[in-house]
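File shown: run-v9.cif (mmCIF, C-alpha atoms).
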```cif
data_protein
#
loop_
_atom_site.label_atom_id
_atom_site.label_comp_id
_atom_site.auth_asym_id
_atom_site.auth_seq_id
_atom_site.Cartn_x
_atom_site.Cartn_y
_atom_site.Cartn_z
CA MET A 1 33.24 105.06 -42.06
CA LYS A 2 30.20 105.87 -39.91
CA SER A 3 27.90 105.27 -42.87
CA VAL A 4 29.43 101.83 -43.50
CA ILE A 5 28.98 100.86 -39.84
CA PHE A 6 25.46 102.30 -39.85
CA THR A 7 24.56 100.41 -43.07
CA GLY A 8 26.03 97.18 -41.71
CA LEU A 9 24.16 97.59 -38.44
CA PHE A 10 20.93 98.39 -40.31
CA LEU A 11 21.28 95.27 -42.49
CA PHE A 12 22.06 93.11 -39.45
CA ILE A 13 18.99 94.33 -37.52
CA THR A 14 16.77 94.01 -40.62
CA SER A 15 17.97 90.45 -41.18
CA LEU A 16 17.27 89.51 -37.58
CA THR A 17 13.80 91.03 -37.78
CA LEU A 18 12.98 89.19 -41.00
CA LEU A 19 14.35 85.95 -39.64
CA GLN A 20 12.26 86.33 -36.51
CA CYS A 21 9.13 86.97 -38.59
CA THR A 22 9.56 83.90 -40.78
CA ASP A 23 10.72 81.59 -38.01
CA SER A 24 8.08 82.48 -35.43
CA LYS A 25 5.80 79.65 -34.34
CA ALA A 26 3.25 82.22 -33.18
CA ASP A 27 2.65 83.27 -36.78
CA GLU A 28 1.81 79.73 -37.91
CA ALA A 29 -1.80 78.65 -38.14
CA PRO A 30 -2.60 76.05 -35.48
CA ALA A 31 -2.84 72.50 -36.83
CA THR A 32 -6.43 71.34 -36.90
CA GLN A 33 -7.60 67.80 -36.53
CA PRO A 34 -9.67 66.55 -39.46
CA THR A 35 -13.37 66.22 -38.76
CA GLU A 36 -15.10 62.87 -39.05
CA ALA A 37 -16.62 64.06 -42.34
CA ASP A 38 -13.11 64.89 -43.61
CA LEU A 39 -11.86 61.42 -42.62
CA VAL A 40 -14.80 59.70 -44.29
CA LYS A 41 -14.29 61.71 -47.48
CA GLN A 42 -10.56 60.92 -47.54
CA GLY A 43 -11.26 57.26 -46.75
CA LYS A 44 -13.76 56.98 -49.60
CA TYR A 45 -11.17 58.46 -51.94
CA LEU A 46 -8.47 56.02 -50.75
CA VAL A 47 -10.76 52.98 -51.00
CA GLY A 48 -11.50 54.03 -54.57
CA ILE A 49 -7.93 54.56 -55.74
CA LEU A 50 -6.56 51.52 -53.88
CA GLY A 51 -8.91 49.27 -55.85
CA CYS A 52 -10.76 47.79 -52.85
CA HIS A 53 -13.94 47.56 -54.93
CA ASP A 54 -12.17 45.33 -57.46
CA CYS A 55 -12.36 42.37 -55.08
CA HIS A 56 -14.66 43.39 -52.23
CA SER A 57 -17.68 44.65 -54.22
CA PRO A 58 -20.01 42.17 -55.96
CA LYS A 59 -20.70 43.05 -59.58
CA ARG A 60 -23.17 42.27 -62.35
CA MET A 61 -22.54 42.41 -66.07
CA GLY A 62 -23.55 45.70 -67.65
CA ALA A 63 -23.18 47.33 -71.04
CA GLN A 64 -19.55 48.26 -70.30
CA GLY A 65 -18.63 45.05 -68.46
CA PRO A 66 -18.80 44.34 -64.72
CA GLU A 67 -20.61 47.03 -62.69
CA ILE A 68 -20.68 47.29 -58.91
CA ILE A 69 -24.06 46.38 -57.43
CA PRO A 70 -24.62 49.56 -55.37
CA GLU A 71 -26.61 47.97 -52.54
CA LEU A 72 -23.87 45.32 -52.11
CA HIS A 73 -20.77 47.49 -52.45
CA LEU A 74 -17.88 46.33 -50.28
CA SER A 75 -19.88 43.38 -48.90
CA GLY A 76 -17.49 40.71 -50.22
CA TYR A 77 -18.25 37.41 -51.88
CA PRO A 78 -22.03 36.81 -51.78
CA ALA A 79 -22.62 33.94 -49.32
CA ASP A 80 -25.60 32.65 -51.31
CA ARG A 81 -23.60 32.27 -54.53
CA PRO A 82 -22.36 28.78 -55.37
CA VAL A 83 -18.62 28.42 -55.93
CA GLY A 84 -17.83 27.86 -59.59
CA LYS A 85 -16.05 24.79 -60.91
CA ILE A 86 -12.31 25.00 -60.42
CA VAL A 87 -10.09 23.72 -63.24
CA PRO A 88 -6.98 22.25 -61.54
CA GLU A 89 -5.13 21.98 -64.86
CA ALA A 90 -4.98 25.77 -64.94
CA PHE A 91 -2.81 25.80 -61.81
CA GLU A 92 -0.42 23.30 -63.37
CA ASN A 93 0.08 25.83 -66.17
CA GLY A 94 0.78 28.71 -63.80
CA TRP A 95 -2.69 30.27 -63.74
CA MET A 96 -4.62 31.84 -60.91
CA LEU A 97 -8.40 32.08 -61.46
CA PHE A 98 -10.83 34.81 -60.44
CA GLY A 99 -14.59 34.36 -60.09
CA SER A 100 -16.77 36.21 -62.57
CA ASP A 101 -17.00 39.38 -60.46
CA GLY A 102 -13.60 39.28 -58.77
CA THR A 103 -14.90 38.45 -55.27
CA SER A 104 -13.39 34.96 -55.31
CA CYS A 105 -10.02 33.66 -56.39
CA ALA A 106 -8.47 30.22 -56.78
CA GLY A 107 -4.82 29.28 -56.84
CA PRO A 108 -2.35 26.85 -55.30
CA TRP A 109 -3.53 27.95 -51.82
CA GLY A 110 -7.13 26.87 -52.56
CA VAL A 111 -10.10 29.20 -52.99
CA SER A 112 -10.31 32.52 -51.16
CA PHE A 113 -13.28 34.85 -50.85
CA ALA A 114 -13.21 38.64 -50.48
CA ALA A 115 -14.26 39.77 -47.02
CA ASN A 116 -17.26 41.88 -46.13
CA LEU A 117 -15.91 45.36 -45.36
CA THR A 118 -19.23 47.02 -44.56
CA SER A 119 -20.26 48.32 -41.15
CA ASP A 120 -22.41 45.24 -40.50
CA GLU A 121 -21.46 42.82 -37.70
CA SER A 122 -20.83 40.22 -40.42
CA GLY A 123 -18.29 42.67 -41.85
CA ILE A 124 -16.06 44.97 -39.81
CA GLY A 125 -18.89 46.47 -37.74
CA SER A 126 -17.54 45.12 -34.45
CA TRP A 127 -13.86 45.59 -35.26
CA SER A 128 -11.66 48.00 -33.37
CA TYR A 129 -9.32 50.34 -35.19
CA GLU A 130 -6.36 48.25 -33.99
CA GLN A 131 -7.85 45.08 -35.48
CA PHE A 132 -8.35 46.82 -38.79
CA LYS A 133 -4.80 48.15 -38.77
CA ILE A 134 -3.35 44.70 -38.00
CA ALA A 135 -5.40 43.09 -40.77
CA LEU A 136 -4.44 45.74 -43.30
CA THR A 137 -0.75 46.11 -42.46
CA GLN A 138 0.17 42.67 -41.08
CA GLY A 139 -2.16 40.42 -43.07
CA LYS A 140 -3.86 38.79 -40.08
CA TYR A 141 -7.43 37.45 -40.42
CA LYS A 142 -9.87 39.68 -38.53
CA GLY A 143 -6.88 41.62 -37.21
CA LEU A 144 -6.23 39.00 -34.56
CA ASP A 145 -2.63 38.31 -33.54
CA ASN A 146 -3.24 34.55 -33.76
CA GLY A 147 -5.38 34.84 -36.91
CA ARG A 148 -4.48 32.92 -40.05
CA PRO A 149 -2.69 34.85 -42.77
CA LEU A 150 -4.86 36.71 -45.27
CA LEU A 151 -4.86 34.77 -48.51
CA PRO A 152 -4.12 35.93 -52.03
CA PRO A 153 -5.01 38.05 -53.83
CA MET A 154 -5.27 40.42 -50.81
CA PRO A 155 -2.20 42.68 -51.23
CA TRP A 156 -1.82 43.55 -47.52
CA PHE A 157 1.98 43.69 -47.91
CA ASN A 158 1.50 46.81 -50.08
CA TYR A 159 0.05 48.60 -47.07
CA THR A 160 2.70 47.87 -44.41
CA ALA A 161 4.08 51.42 -44.56
CA MET A 162 0.73 53.17 -45.01
CA LYS A 163 0.44 56.40 -43.05
CA GLU A 164 -1.57 56.23 -39.83
CA GLU A 165 -3.90 59.02 -41.00
CA ASP A 166 -4.70 57.08 -44.21
CA ILE A 167 -5.49 53.89 -42.28
CA ARG A 168 -7.75 55.88 -39.94
CA ALA A 169 -9.51 57.53 -42.87
CA ILE A 170 -10.16 54.19 -44.58
CA PHE A 171 -11.45 52.70 -41.33
CA GLN A 172 -13.77 55.68 -40.71
CA TYR A 173 -15.14 55.42 -44.24
CA LEU A 174 -15.76 51.67 -44.00
CA LYS A 175 -17.46 52.12 -40.61
CA SER A 176 -19.74 54.72 -42.24
CA THR A 177 -20.92 52.44 -45.06
CA PRO A 178 -24.44 51.01 -45.04
CA PRO A 179 -24.38 47.63 -43.30
CA VAL A 180 -24.81 44.62 -45.57
CA ARG A 181 -25.45 41.31 -43.82
CA ASN A 182 -23.25 38.80 -45.62
CA LEU A 183 -21.35 35.96 -43.96
CA VAL A 184 -18.58 35.29 -46.44
CA PRO A 185 -17.64 31.58 -46.69
CA ALA A 186 -14.40 30.28 -45.21
CA PRO A 187 -11.57 29.56 -47.63
CA VAL A 188 -11.52 26.17 -49.35
CA GLN A 189 -8.17 24.40 -49.21
#
```

In structure tokens, write the structure found in this file.
Amino acid sequence: MKSVIFTGLFLFITSLTLLQCTDSKADEAPATQPTEADLVKQGKYLVGILGCHDCHSPKRMGAQGPEIIPELHLSGYPADRPVGKIVPEAFENGWMLFGSDGTSCAGPWGVSFAANLTSDESGIGSWSYEQFKIALTQGKYKGLDNGRPLLPPMPWFNYTAMKEEDIRAIFQYLKSTPPVRNLVPAPVQ
């Protein structure tokens, strides 16, 4: 009987010890805040996989089709480019039209132009993080509460539940981009 009690007591104490070892907060590594370099790297990755370049980076035709113009990446619709001829009959047949490099789009709302996302003042250079977050997750022009809605094809509604750390990473990356002076035209309605 003593050996059964002793074995039971031994198992109980061992279990408590193991539980204490695995449940102890002191044994956990302290959470570290990502560095700015980490945020920029993560932001660059997110901008790439989210397809931001598809609309916000001017392109030229290359051997494999449209290629991003490196010195203009993320600078939006080139302000010095004339707007192409819009074919209204296409809308009557349910079409939406993109410009040749994807930085402009026409549909029933009119013609919209991809914004400059670079760190230049003509882009998001003077924006606060809060403005960026409002623009990205609430679809408000320049992240202003009274701003007009962002126009198609900007899929801001896909980002409403984006994690705070992902929004911060994207913002940090965009703020780190080379500035490109480009005043994107206002929409045509």

Taking 2 positions as the minimum chain separation for residues in the same chain, which residues sit within 9 Å of Leu39 of chain A when counting all atoms listed in the file? Answer as a PDB file with C-alpha atoms, in the coordinates of the input.
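So the final result, stored in out.pdb, reads:
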```pdb
ATOM      1  CA  PRO A  34      -9.670  66.550 -39.460  1.00  0.00           C
ATOM      2  CA  THR A  35     -13.370  66.220 -38.760  1.00  0.00           C
ATOM      3  CA  GLU A  36     -15.100  62.870 -39.050  1.00  0.00           C
ATOM      4  CA  ALA A  37     -16.620  64.060 -42.340  1.00  0.00           C
ATOM      5  CA  LYS A  41     -14.290  61.710 -47.480  1.00  0.00           C
ATOM      6  CA  GLN A  42     -10.560  60.920 -47.540  1.00  0.00           C
ATOM      7  CA  GLY A  43     -11.260  57.260 -46.750  1.00  0.00           C
ATOM      8  CA  LYS A  44     -13.760  56.980 -49.600  1.00  0.00           C
ATOM      9  CA  GLU A 165      -3.900  59.020 -41.000  1.00  0.00           C
ATOM     10  CA  ASP A 166      -4.700  57.080 -44.210  1.00  0.00           C
ATOM     11  CA  ARG A 168      -7.750  55.880 -39.940  1.00  0.00           C
ATOM     12  CA  ALA A 169      -9.510  57.530 -42.870  1.00  0.00           C
ATOM     13  CA  ILE A 170     -10.160  54.190 -44.580  1.00  0.00           C
ATOM     14  CA  PHE A 171     -11.450  52.700 -41.330  1.00  0.00           C
ATOM     15  CA  GLN A 172     -13.770  55.680 -40.710  1.00  0.00           C
ATOM     16  CA  TYR A 173     -15.140  55.420 -44.240  1.00  0.00           C
TER      17      TYR A 173
END
```

Could you spell out the hits of the PyMOL selection byres ((chain A and resi 138) around 9) on the shown file, as a CSV table (one decimal) with C-alpha atoms, in the coordinates of the input?
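Result saved to selection_0.csv:
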```csv
chain,number,residue,atom,x,y,z
A,133,LYS,CA,-4.8,48.2,-38.8
A,134,ILE,CA,-3.4,44.7,-38.0
A,135,ALA,CA,-5.4,43.1,-40.8
A,136,LEU,CA,-4.4,45.7,-43.3
A,137,THR,CA,-0.8,46.1,-42.5
A,139,GLY,CA,-2.2,40.4,-43.1
A,140,LYS,CA,-3.9,38.8,-40.1
A,143,GLY,CA,-6.9,41.6,-37.2
A,149,PRO,CA,-2.7,34.8,-42.8
A,150,LEU,CA,-4.9,36.7,-45.3
A,156,TRP,CA,-1.8,43.6,-47.5
A,157,PHE,CA,2.0,43.7,-47.9
A,159,TYR,CA,0.0,48.6,-47.1
A,160,THR,CA,2.7,47.9,-44.4
```

Worksheet item: Between atom CA of Met96 of chain A and atom CA of Leu72 of chain A, what is the distance, to one decimal in Å?
Response: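 Computed distance, atom CA of Met96 of chain A to atom CA of Leu72 of chain A, equals 25.1 Å.
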
Worksheet entry | Chain and number of each residue from the PyMOL selection byres ((chain A and resi 73) around 8), as number ranges by chain | A: 53, 56-58, 68-72, 74-76

Worksheet item: Could you state the separation of atom CA of Asp101 of chain A and atom CA of Pro78 of chain A in Å, given to one decimal place?
Response: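 These two atoms are separated by 10.4 Å.
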